[in-house]
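Trainee: Below is the file work_13.txt, which contains compact mmCIF, C-alpha atoms.
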# COMPACT_ATOMS: atom_id res chain seq x y z
CA MET F 1 102.20 124.51 90.37
CA ALA F 2 103.46 126.39 93.40
CA ASP F 3 106.62 125.34 95.22
CA ARG F 4 104.57 124.50 98.32
CA ASP F 5 102.95 121.71 96.30
CA ALA F 6 106.29 120.02 95.60
CA LEU F 7 107.13 117.14 97.94
CA SER F 8 110.65 116.12 98.93
CA PRO F 9 111.44 112.37 99.11
CA ARG F 10 111.18 112.53 102.92
CA ALA F 11 107.87 114.40 102.82
CA LEU F 12 106.41 111.82 100.44
CA ASN F 13 107.70 109.03 102.65
CA ARG F 14 106.12 110.49 105.77
CA ALA F 15 102.83 111.15 104.01
CA THR F 16 102.63 107.53 102.86
CA LEU F 17 103.55 106.16 106.30
CA ASP F 18 100.88 108.37 107.84
CA ARG F 19 98.21 106.99 105.49
CA GLN F 20 99.41 103.46 106.22
CA LEU F 21 99.06 103.98 110.01
CA LEU F 22 102.80 103.43 110.46
CA LEU F 23 103.98 106.70 112.01
CA ARG F 24 102.30 105.77 115.28
CA ARG F 25 100.08 102.99 116.52
CA HIS F 26 96.43 103.91 116.30
CA ASP F 27 93.63 103.22 118.76
CA MET F 28 91.37 101.83 116.05
CA PRO F 29 89.29 98.64 115.78
CA ALA F 30 90.71 96.03 113.40
CA ARG F 31 87.73 96.20 111.07
CA GLN F 32 87.98 99.98 110.77
CA ALA F 33 91.70 99.65 110.01
CA LEU F 34 91.01 97.11 107.27
CA ARG F 35 88.53 99.50 105.71
CA HIS F 36 90.95 102.42 105.95
CA LEU F 37 93.76 100.37 104.37
CA ALA F 38 91.44 99.07 101.62
CA GLY F 39 92.40 95.55 102.66
CA LEU F 40 95.64 93.73 103.38
CA GLN F 41 97.32 91.10 101.25
CA GLY F 42 96.38 87.69 102.58
CA GLN F 43 97.96 84.94 100.50
CA ALA F 44 100.20 84.30 103.51
CA PRO F 45 97.29 83.62 105.87
CA LEU F 46 98.80 85.10 109.05
CA ALA F 47 100.34 88.18 107.40
CA PRO F 48 97.33 90.41 108.14
CA TYR F 49 97.71 89.73 111.87
CA LEU F 50 101.26 91.10 111.84
CA GLY F 51 100.18 93.90 109.52
CA LEU F 52 97.51 95.04 111.97
CA TRP F 53 99.66 94.51 115.08
CA THR F 54 102.33 96.84 113.74
CA ARG F 55 99.72 99.54 113.04
CA LEU F 56 97.28 99.34 115.97
CA SER F 57 97.61 99.77 119.73
CA GLY F 58 96.21 96.96 121.85
CA PHE F 59 95.60 94.66 118.87
CA THR F 60 95.34 90.95 119.72
CA PRO F 61 95.05 87.95 117.37
CA GLU F 62 91.55 87.32 118.69
CA ASP F 63 90.44 90.72 117.39
CA LEU F 64 90.89 89.54 113.81
CA SER F 65 90.10 85.84 114.29
CA GLU F 66 86.68 86.78 115.68
CA LEU F 67 85.92 89.01 112.69
CA TYR F 68 86.89 86.20 110.36
CA SER F 69 84.78 83.62 112.18
CA GLU F 70 81.84 86.05 112.30
CA ARG F 71 82.14 86.53 108.50
CA THR F 72 82.53 90.28 108.78
CA VAL F 73 85.84 90.10 106.92
CA ALA F 74 86.57 88.10 103.79
CA ARG F 75 89.67 86.55 102.19
CA GLY F 76 89.53 86.18 98.43
CA PRO F 77 91.20 87.12 95.13
CA ILE F 78 90.56 90.73 94.18
CA MET F 79 93.22 93.45 93.62
CA ARG F 80 95.89 92.25 91.17
CA ALA F 81 94.00 88.91 91.19
CA THR F 82 95.72 88.30 94.55
CA VAL F 83 94.16 87.05 97.76
CA HIS F 84 93.42 89.96 100.12
CA LEU F 85 91.75 90.21 103.50
CA MET F 86 89.03 92.87 103.36
CA ASP F 87 85.98 94.10 105.18
CA ALA F 88 83.16 91.92 103.85
CA SER F 89 81.14 94.92 102.68
CA ASP F 90 84.12 96.16 100.66
CA TYR F 91 84.61 92.75 99.08
CA VAL F 92 81.03 92.52 97.84
CA ALA F 93 81.11 96.18 96.68
CA PHE F 94 84.34 95.94 94.66
CA ARG F 95 84.74 92.28 93.61
CA ALA F 96 82.87 92.66 90.30
CA LEU F 97 85.34 95.34 89.14
CA PHE F 98 88.01 92.65 88.99
CA GLY F 99 86.08 90.06 86.99
CA PRO F 100 87.79 91.00 83.68
CA LEU F 101 91.22 90.95 85.35
CA LEU F 102 90.62 87.51 86.85
CA ALA F 103 89.34 86.27 83.48
CA ARG F 104 92.56 87.44 81.82
CA VAL F 105 94.60 85.60 84.42
CA LEU F 106 92.51 82.51 83.74
CA ARG F 107 93.11 82.70 79.99
CA THR F 108 96.83 83.28 80.43
CA ASN F 109 97.51 80.50 82.92
CA TYR F 110 94.83 77.84 82.50
CA ALA F 111 93.06 78.07 79.13
CA ARG F 112 95.38 75.57 77.45
CA ASN F 113 94.44 72.97 80.08
CA LEU F 114 90.70 73.42 79.50
CA PRO F 115 89.95 72.00 76.02
CA GLY F 116 86.27 72.12 75.16
CA VAL F 117 85.28 73.87 78.38
CA ASP F 118 82.51 76.44 78.08
CA LEU F 119 83.51 79.02 80.69
CA GLY F 120 79.95 80.22 81.16
CA GLU F 121 78.82 76.70 81.94
CA LEU F 122 81.84 76.20 84.20
CA ALA F 123 80.96 79.33 86.16
CA LEU F 124 77.35 78.16 86.54
CA ARG F 125 78.29 74.66 87.76
CA ALA F 126 81.07 75.90 90.04
CA GLY F 127 78.77 78.53 91.51
CA GLU F 128 76.24 75.84 92.40
CA LEU F 129 78.91 73.71 94.07
CA LEU F 130 80.42 76.59 96.05
CA ALA F 131 77.01 77.83 97.15
CA GLY F 132 76.28 74.40 98.62
CA GLY F 133 79.29 74.20 100.92
CA SER F 134 83.04 74.70 101.23
CA LEU F 135 85.53 72.80 99.08
CA THR F 136 89.27 72.66 98.63
CA ARG F 137 90.56 73.21 95.10
CA ILE F 138 91.22 69.48 94.78
CA GLU F 139 87.66 68.67 95.86
CA LEU F 140 86.24 71.29 93.53
CA GLY F 141 88.28 69.97 90.60
CA ARG F 142 87.16 66.39 91.25
CA SER F 143 83.52 67.48 91.35
CA LEU F 144 83.83 69.32 88.03
CA ALA F 145 86.00 66.77 86.22
CA PRO F 146 83.18 64.38 85.14
CA LEU F 147 81.60 67.22 83.15
CA TRP F 148 84.82 67.91 81.21
CA PRO F 149 86.92 64.73 81.28
CA ALA F 150 89.49 66.11 78.81
CA ALA F 151 90.32 69.05 81.07
CA ASP F 152 92.85 69.13 83.89
CA PRO F 153 90.85 68.95 87.16
CA LEU F 154 93.06 71.38 89.09
CA SER F 155 92.91 73.89 86.21
CA LEU F 156 89.12 73.58 86.32
CA ALA F 157 89.24 74.49 90.00
CA TYR F 158 91.54 77.49 89.51
CA ALA F 159 89.36 78.68 86.63
CA ALA F 160 86.25 78.29 88.77
CA ILE F 161 87.70 80.46 91.55
CA ALA F 162 88.54 83.11 88.95
CA LEU F 163 85.05 83.04 87.44
CA VAL F 164 82.94 82.79 90.59
CA PRO F 165 83.22 85.28 93.48
CA ALA F 166 84.62 83.01 96.18
CA VAL F 167 86.28 83.40 99.57
CA GLN F 168 88.54 81.25 101.71
CA VAL F 169 86.88 80.09 104.90
CA PRO F 170 88.09 79.17 108.41
CA PRO F 171 90.00 77.51 109.95
CA ARG F 172 92.56 78.71 107.39
CA GLY F 173 93.53 82.22 108.37
CA ILE F 174 92.71 81.74 112.06
CA TRP F 175 95.63 82.58 114.37
CA GLY F 176 97.23 79.48 115.87
CA LYS F 177 95.55 77.09 113.42
CA SER F 178 96.78 75.53 110.21
CA ALA F 179 94.59 74.39 107.32
CA GLN F 180 94.64 74.20 103.55
CA ALA F 181 92.69 76.73 101.53
CA THR F 182 88.98 75.87 101.46
CA TRP F 183 86.58 77.91 99.34
CA ALA F 184 82.91 78.89 99.47
CA GLY F 185 80.76 81.11 97.31
CA ALA F 186 81.08 84.71 98.48
CA GLU F 187 77.36 85.43 98.36
CA SER F 188 76.35 82.36 100.36
CA TRP F 189 79.18 82.68 102.90
CA LEU F 190 78.88 86.42 103.46
CA GLY F 191 75.11 86.57 103.13
CA ALA F 192 75.19 89.47 100.66
CA PRO F 193 75.06 89.64 96.86
CA VAL F 194 78.20 90.72 95.03
CA ALA F 195 77.34 94.08 93.50
CA PRO F 196 77.62 94.47 89.71
CA ALA F 197 80.48 96.60 88.42
CA ALA F 198 79.56 100.26 88.14
CA PRO F 199 81.39 103.56 87.48
CA ALA F 200 80.62 104.71 91.01
CA ALA F 201 82.39 101.64 92.41
CA VAL F 202 85.64 102.28 90.56
CA ASP F 203 85.51 105.94 91.59
CA GLN F 204 85.20 104.88 95.22
CA LEU F 205 88.02 102.36 94.82
CA VAL F 206 90.42 105.04 93.58
CA LEU F 207 89.45 107.36 96.43
CA ARG F 208 90.02 104.56 98.92
CA TYR F 209 93.45 103.89 97.38
CA LEU F 210 94.49 107.50 97.76
CA ALA F 211 93.24 107.54 101.36
CA ALA F 212 95.47 104.56 102.14
CA PHE F 213 98.49 105.06 99.85
CA GLY F 214 98.51 108.65 98.63
CA PRO F 215 99.70 110.97 97.40
CA ALA F 216 100.15 108.78 94.31
CA THR F 217 100.21 108.71 90.53
CA VAL F 218 97.65 107.09 88.26
CA ALA F 219 100.28 104.44 87.51
CA ASP F 220 100.57 103.73 91.24
CA ALA F 221 96.83 103.14 91.53
CA GLN F 222 96.92 100.83 88.52
CA ILE F 223 99.81 98.80 89.95
CA TRP F 224 97.98 98.37 93.25
CA SER F 225 94.67 97.40 91.72
CA GLY F 226 95.65 95.67 88.48
CA LEU F 227 93.02 97.78 86.70
CA THR F 228 93.70 99.95 83.66
CA ARG F 229 92.38 103.25 82.25
CA LEU F 230 92.21 104.85 85.68
CA ARG F 231 93.18 108.23 84.22
CA GLU F 232 89.58 108.40 83.03
CA VAL F 233 88.52 107.97 86.64
CA THR F 234 90.89 110.52 88.19
CA ASP F 235 89.96 113.10 85.54
CA ARG F 236 86.36 113.12 86.73
CA LEU F 237 87.21 113.25 90.43
CA CYS F 238 87.94 116.39 92.43
CA LEU F 239 91.52 115.73 93.52
CA ARG F 240 94.42 117.76 94.83
CA LYS F 241 97.44 117.88 92.52
CA LEU F 242 100.99 117.83 93.89
CA ARG F 243 104.43 117.33 92.43
CA GLY F 244 106.65 114.44 93.44
CA PRO F 245 110.42 114.50 93.99
CA ASP F 246 110.95 113.58 90.33
CA GLY F 247 108.50 116.21 89.07
CA ALA F 248 105.72 113.69 88.35
CA GLU F 249 102.13 114.65 89.07
CA LEU F 250 100.81 113.19 92.31
CA LEU F 251 97.11 113.03 93.08
CA ASP F 252 95.58 113.18 96.53
CA LEU F 253 92.36 113.72 98.41
CA PRO F 254 91.65 117.44 98.69
CA ASP F 255 90.98 117.57 102.43
CA VAL F 256 93.75 115.40 103.93
CA ALA F 257 96.60 117.19 105.70
CA LEU F 258 100.17 116.04 105.10
CA PRO F 259 102.46 115.43 108.10
CA ASP F 260 105.64 117.43 108.61
CA GLU F 261 108.54 115.74 106.87
CA ASP F 262 110.61 115.87 110.07
CA VAL F 263 108.16 113.80 112.14
CA PRO F 264 109.97 110.71 113.53
CA ALA F 265 109.26 107.30 112.03
CA PRO F 266 109.82 104.51 114.57
CA PRO F 267 110.96 101.00 113.54
CA ARG F 268 108.12 98.94 112.14
CA PHE F 269 108.13 95.17 111.54
CA LEU F 270 106.11 94.30 108.44
CA PRO F 271 104.97 90.79 107.47
CA GLU F 272 105.48 88.99 104.21
CA TYR F 273 103.70 90.70 101.32
CA ASP F 274 102.83 93.88 103.18
CA ASN F 275 100.91 96.24 100.92
CA LEU F 276 103.19 99.17 101.69
CA LEU F 277 106.07 97.73 99.66
CA LEU F 278 104.01 96.45 96.72
CA SER F 279 101.44 99.13 95.91
CA HIS F 280 103.27 101.82 93.93
CA ALA F 281 104.79 101.86 90.47
CA ASP F 282 107.67 103.91 91.87
CA ARG F 283 108.59 102.32 95.21
CA SER F 284 111.45 104.69 96.02
CA ARG F 285 109.31 106.46 98.64
CA VAL F 286 109.89 103.47 100.96
CA ILE F 287 112.65 101.49 99.20
CA PRO F 288 115.75 103.70 98.99
CA ARG F 289 117.90 101.09 97.28
CA ASP F 290 117.29 98.80 94.35
CA HIS F 291 116.22 95.82 96.47
CA PRO F 292 113.56 93.49 95.06
CA VAL F 293 110.81 92.92 97.61
CA PRO F 294 111.17 89.35 98.95
CA LEU F 295 108.12 87.16 98.44
CA TRP F 296 108.96 84.29 100.74
CA PRO F 297 106.66 81.30 100.94
CA GLY F 298 105.26 81.07 104.44
CA ASN F 299 102.40 81.63 106.80
CA GLY F 300 103.11 85.32 107.38
CA GLY F 301 104.13 85.08 111.01
CA THR F 302 107.82 84.22 110.98
CA GLN F 303 109.63 86.63 108.66
CA GLY F 304 109.26 89.90 106.86
CA THR F 305 110.71 93.34 106.23
CA LEU F 306 111.69 96.09 108.66
CA LEU F 307 111.29 99.84 108.27
CA ILE F 308 114.06 101.94 109.83
CA ASP F 309 113.48 105.70 109.80
CA GLY F 310 110.58 105.03 107.49
CA VAL F 311 112.31 103.02 104.76
CA TRP F 312 112.95 99.34 104.13
CA ASP F 313 116.48 98.85 105.44
CA ALA F 314 116.41 95.33 106.94
CA THR F 315 114.70 91.97 106.92
CA TRP F 316 113.71 89.94 109.97
CA LYS F 317 113.14 86.29 110.77
CA VAL F 318 112.11 84.35 113.85
CA SER F 319 113.63 80.87 114.17
CA GLY F 320 113.00 79.04 117.38
CA ALA F 321 113.42 81.63 120.13
CA THR F 322 115.67 83.97 118.13
CA LEU F 323 114.67 87.08 116.21
CA THR F 324 117.35 87.87 113.63
CA ILE F 325 117.60 91.34 112.10
CA SER F 326 119.58 91.50 108.84
CA ALA F 327 120.30 95.14 108.02
CA PHE F 328 121.34 96.50 104.63
CA ARG F 329 123.56 99.16 106.21
CA ARG F 330 125.42 99.82 109.44
CA LEU F 331 122.97 100.74 112.19
CA THR F 332 123.58 103.29 114.90
CA GLY F 333 123.40 102.33 118.55
CA ASP F 334 120.17 104.26 118.97
CA GLU F 335 118.65 102.45 115.97
CA GLU F 336 119.62 99.03 117.34
CA SER F 337 118.12 99.92 120.72
CA ALA F 338 114.84 101.09 119.18
CA ILE F 339 114.67 97.99 116.95
CA ALA F 340 115.37 95.71 119.93
CA GLU F 341 112.53 97.30 121.90
CA GLU F 342 110.12 96.85 119.00
CA GLY F 343 111.45 93.34 118.39
CA ALA F 344 110.64 92.42 121.99
CA ARG F 345 107.06 93.54 121.35
CA LEU F 346 106.97 91.39 118.21
CA LEU F 347 108.15 88.30 120.11
CA ALA F 348 105.57 88.97 122.82
CA PHE F 349 102.81 89.22 120.22
CA ARG F 350 103.83 85.96 118.55
CA SER F 351 103.96 84.03 121.81
CA ALA F 352 100.80 82.73 123.41
CA SER F 353 102.26 83.27 126.89
CA GLY F 354 104.18 86.47 126.21
CA SER F 355 107.89 86.89 125.52
CA ALA F 356 110.67 88.34 127.62
CA VAL F 357 113.87 89.06 125.72
CA SER F 358 116.80 87.99 127.86
CA ARG F 359 119.51 89.66 125.81
CA VAL F 360 120.46 91.32 122.55
CA VAL F 361 123.17 89.37 120.67
CA ALA F 362 125.90 91.54 119.14
CA SER F 363 126.31 91.69 115.38
CA GLY F 364 128.08 88.65 113.98
CA ASP F 365 127.68 86.53 117.13
CA ALA F 366 125.99 83.16 116.97
CA ALA F 367 122.80 82.89 118.95
CA PRO F 368 122.83 79.75 121.14
CA GLY F 369 120.01 77.39 120.37
CA ASP F 370 119.16 79.05 117.03
CA ALA F 371 116.62 76.65 115.57
CA ALA F 372 116.49 75.45 111.99
CA SER F 373 114.51 77.68 109.68
CA GLY F 374 110.93 76.86 108.81
CA ASP F 375 107.36 77.99 109.32
CA VAL F 376 106.15 78.08 112.90
CA VAL F 377 102.52 78.69 113.77
CA PRO F 378 102.47 81.46 116.42
CA GLY F 379 101.57 80.15 119.83
CA ASP F 380 102.80 76.65 118.98
CA ALA F 381 105.27 74.95 121.33
CA ALA F 382 107.77 75.02 118.46
CA SER F 383 108.08 78.77 118.88
CA GLY F 384 110.49 78.15 121.73
CA ASP F 385 110.85 79.20 125.33
CA ALA F 386 109.70 82.81 125.40
CA ALA F 387 111.68 83.53 128.55
CA SER F 388 114.98 82.85 126.77
CA ALA F 389 114.29 84.75 123.57
CA ASP F 390 117.18 86.54 121.84
CA ILE F 391 117.38 89.35 119.32
CA ARG F 392 120.30 89.06 116.94
CA PHE F 393 121.66 91.69 114.52
CA THR F 394 123.58 90.59 111.42
CA ALA F 395 124.76 92.15 108.20
CA GLY F 396 122.21 91.69 105.43
So that I can check it, write out the structure of this file as structure tokens.

Mentor:
Amino acid sequence: MADRDALSPRALNRATLDRQLLLRRHDMPARQALRHLAGLQGQAPLAPYLGLWTRLSGFTPEDLSELYSERTVARGPIMRATVHLMDASDYVAFRALFGPLLARVLRTNYARNLPGVDLGELALRAGELLAGGSLTRIELGRSLAPLWPAADPLSLAYAAIALVPAVQVPPRGIWGKSAQATWAGAESWLGAPVAPAAPAAVDQLVLRYLAAFGPATVADAQIWSGLTRLREVTDRLCLRKLRGPDGAELLDLPDVALPDEDVPAPPRFLPEYDNLLLSHADRSRVIPRDHPVPLWPGNGGTQGTLLIDGVWDATWKVSGATLTISAFRRLTGDEESAIAEEGARLLAFRSASGSAVSRVVASGDAAPGDAASGDVVPGDAASGDAASADIRFTAG
């Protein structure tokens, strides 16, 4: 392999940020961005809104809420058996690939609570229920319990969602609203049959992964998807081969140019569970230190991680009217200024009426009126007086 095919850590970082739409904001419709990114993690229901805001110019919450209400995007368990928000056509094209993975999760976590349950019969009955309307897990479990009285009703519901292609439906996942997860059958809700698993589908999935996260190893693709034996897939695809900073083989699409490694990477606020930090076996391209990625419980709109010069070097949290930045290292004055400017944009996005940051609080100072921590639905009165918002820097 020629030296020109060897990537430095910074070159690999910039290539990944470019694929993730994080080097600059893009003038791209939300649905097109979701397709390019091969979905966004959605177990925190508002996380995709922040994930798209940080990547797209002119993005508003209504852009995504309308897609969700129109059923052109779908939220359901798929990659890694985790809830993702995806373009509806992608969900129906790829969902069947993950049936075996979801079945393994079922056996590992719920089989012991399902004595005497025939899983084929459970899938049939659950499919009928979910095709007839939307149900919470508790409602689904109660409806199934009379058929298997020895089984745990909630385990029946979790098993049903694993066995039957199902999606979460509004109002959960709508900006400014709060609701528990309610499920419907994917085919009835989206109006399209879930395609059967096929070799062409897994080939397309790997290509979509590389378009969004490459250059990457086979192990990276398997970590992101939860699927195995992807070397068989990459061996039959026409892919470009590169060498990573550690000498490992990286695979990429043959016709995608890599950005210059010296291109600037502006500060980027990421939500809880952003795909960028969770979709590689070797995360050193964006995590320079041995920090575990925080998986806070929450709605996705009040805290997350912060990229500084392209790497995860801080966390952020909004409490009341204060945005607190907790950095892992000492920041330069220029970095604090750039972060404060981007933080003001974040506060404006979160606020229904717009935010004006009155001041930046010096490191170590207490921010007056700092509210108690807790989830706040963006646009709610609990988000505080936007005109008196503060940005606070502390040591992480």

Trainee: For the interface of stretch 170-227 of chain F with stretch 244-247 of chain F (cut-off 12 Å, counting all atoms listed in the file), please tabulate each contacting residue of stretch 170-227 of chain F alongside its nearest pair of atoms and their separation in Å to one decimal, rows sorted by chain and increasing number, as a tab-separated table.

Mentor:
residue	atom	partner	partner_atom	distance
F:Gly214	CA	F:Gly244	CA	11.3
F:Pro215	CA	F:Gly244	CA	8.7
F:Ala216	CA	F:Gly244	CA	8.7
F:Thr217	CA	F:Gly244	CA	9.1

Trainee: Please write as a PyMOL selection string the list of polymer residues whose atoms come within 6 Å of (108.0, 112.6, 107.0), counting all atoms listed in the file and keeping to the coordinates of the file.

Mentor: chain F and resi 10-11+13-14+260-263

Trainee: Let me make sure I understand: among F:Ile223, F:Ala96, F:Leu102, F:Ala151, which one has the smallest atom-to-atom distance to F:Pro199 if we use all atoms listed in the file?

Mentor: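 Smallest separation from F:Pro199 among the options: F:Ala96.
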
Trainee: Of the candidates F:Ala81, F:Arg229, F:Ala150, F:Arg55, which one gets nearest to F:Arg104 if we count only C-alpha atoms?

Mentor: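 Smallest separation from F:Arg104 among the options: F:Ala81.
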
Trainee: Counting all atoms listed in the file, which residue out of F:Leu144, F:Leu97, F:Ala38, F:Met28 sits closest to F:Thr228?

Mentor: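 Selected residue with least distance to F:Thr228: F:Leu97.
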
Trainee: Pull the closest atom pair for each residue of stretch 40-72 of chain F that gets at most 12 Å from stretch 152-168 of chain F, along with the distance in Å to one decimal, counting all atoms listed in the file, ordering rows by chain and then ascending residue number, as a tab-separated table.

Mentor:
residue	atom	partner	partner_atom	distance
F:Gly42	CA	F:Gln168	CA	10.2
F:Gln43	CA	F:Gln168	CA	10.2
F:Pro45	CA	F:Gln168	CA	10.0
F:Tyr68	CA	F:Gln168	CA	10.1
F:Ser69	CA	F:Gln168	CA	11.4
F:Arg71	CA	F:Val167	CA	10.3

Trainee: As an exercise, work out the distance from atom CA of F:Thr302 to atom CA of F:Glu62 in Å and give it to one decimal place.

Mentor: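 Separation between atom CA of F:Thr302 and atom CA of F:Glu62: 18.3 Å.
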
Trainee: Rounded to one decimal in Å, what is the spacing between atom CA of F:Ala88 and atom CA of F:Gln32?

Mentor: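 Computed distance, atom CA of F:Ala88 to atom CA of F:Gln32, equals 11.7 Å.
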
Trainee: Using all atoms listed in the file, which protein or nucleic acid residues come within 9 Å of stretch 286-291 of chain F? Drop anything in the same chain fewer than 4 positions from it, and give the result as an mmCIF file with C-alpha atoms, keeping the file's coordinate frame.

Mentor:
data_model
loop_
_atom_site.group_PDB
_atom_site.id
_atom_site.type_symbol
_atom_site.label_atom_id
_atom_site.label_comp_id
_atom_site.auth_asym_id
_atom_site.auth_seq_id
_atom_site.Cartn_x
_atom_site.Cartn_y
_atom_site.Cartn_z
ATOM 1 C CA ASN F 13 107.700 109.030 102.650
ATOM 2 C CA THR F 16 102.630 107.530 102.860
ATOM 3 C CA LEU F 17 103.550 106.160 106.300
ATOM 4 C CA LEU F 276 103.190 99.170 101.690
ATOM 5 C CA LEU F 277 106.070 97.730 99.660
ATOM 6 C CA LEU F 307 111.290 99.840 108.270
ATOM 7 C CA GLY F 310 110.580 105.030 107.490
ATOM 8 C CA VAL F 311 112.310 103.020 104.760
ATOM 9 C CA TRP F 312 112.950 99.340 104.130
ATOM 10 C CA ASP F 313 116.480 98.850 105.440
#

Trainee: Could you work out how far atom CA of F:Lys317 lies from atom CA of F:Gly298, giving the answer in Å with one decimal?

Mentor: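 Spanning atom CA of F:Gly298 to atom CA of F:Lys317 is a straight-line distance of 11.4 Å.
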
Trainee: Go through F:Val318, F:Leu258, F:Leu278, F:Val169 and flag the residue nearest F:Thr182, using all atoms listed in the file for the distances.

Mentor: F:Val169

Trainee: For F:Leu129, which of F:Gly191, F:Gly185, F:Pro292, F:Pro267 is the closest residue, counting only C-alpha atoms?

Mentor: F:Gly185

Trainee: Would you kindly return, as a list in words, each protein, DNA or RNA residue with an atom no farther than 8 Å from any atom of F:Leu227, considering all atoms listed in the file and excluding same-chain residues fewer than 6 positions away?

Mentor: Arg80, Phe98 and Leu101 of chain F
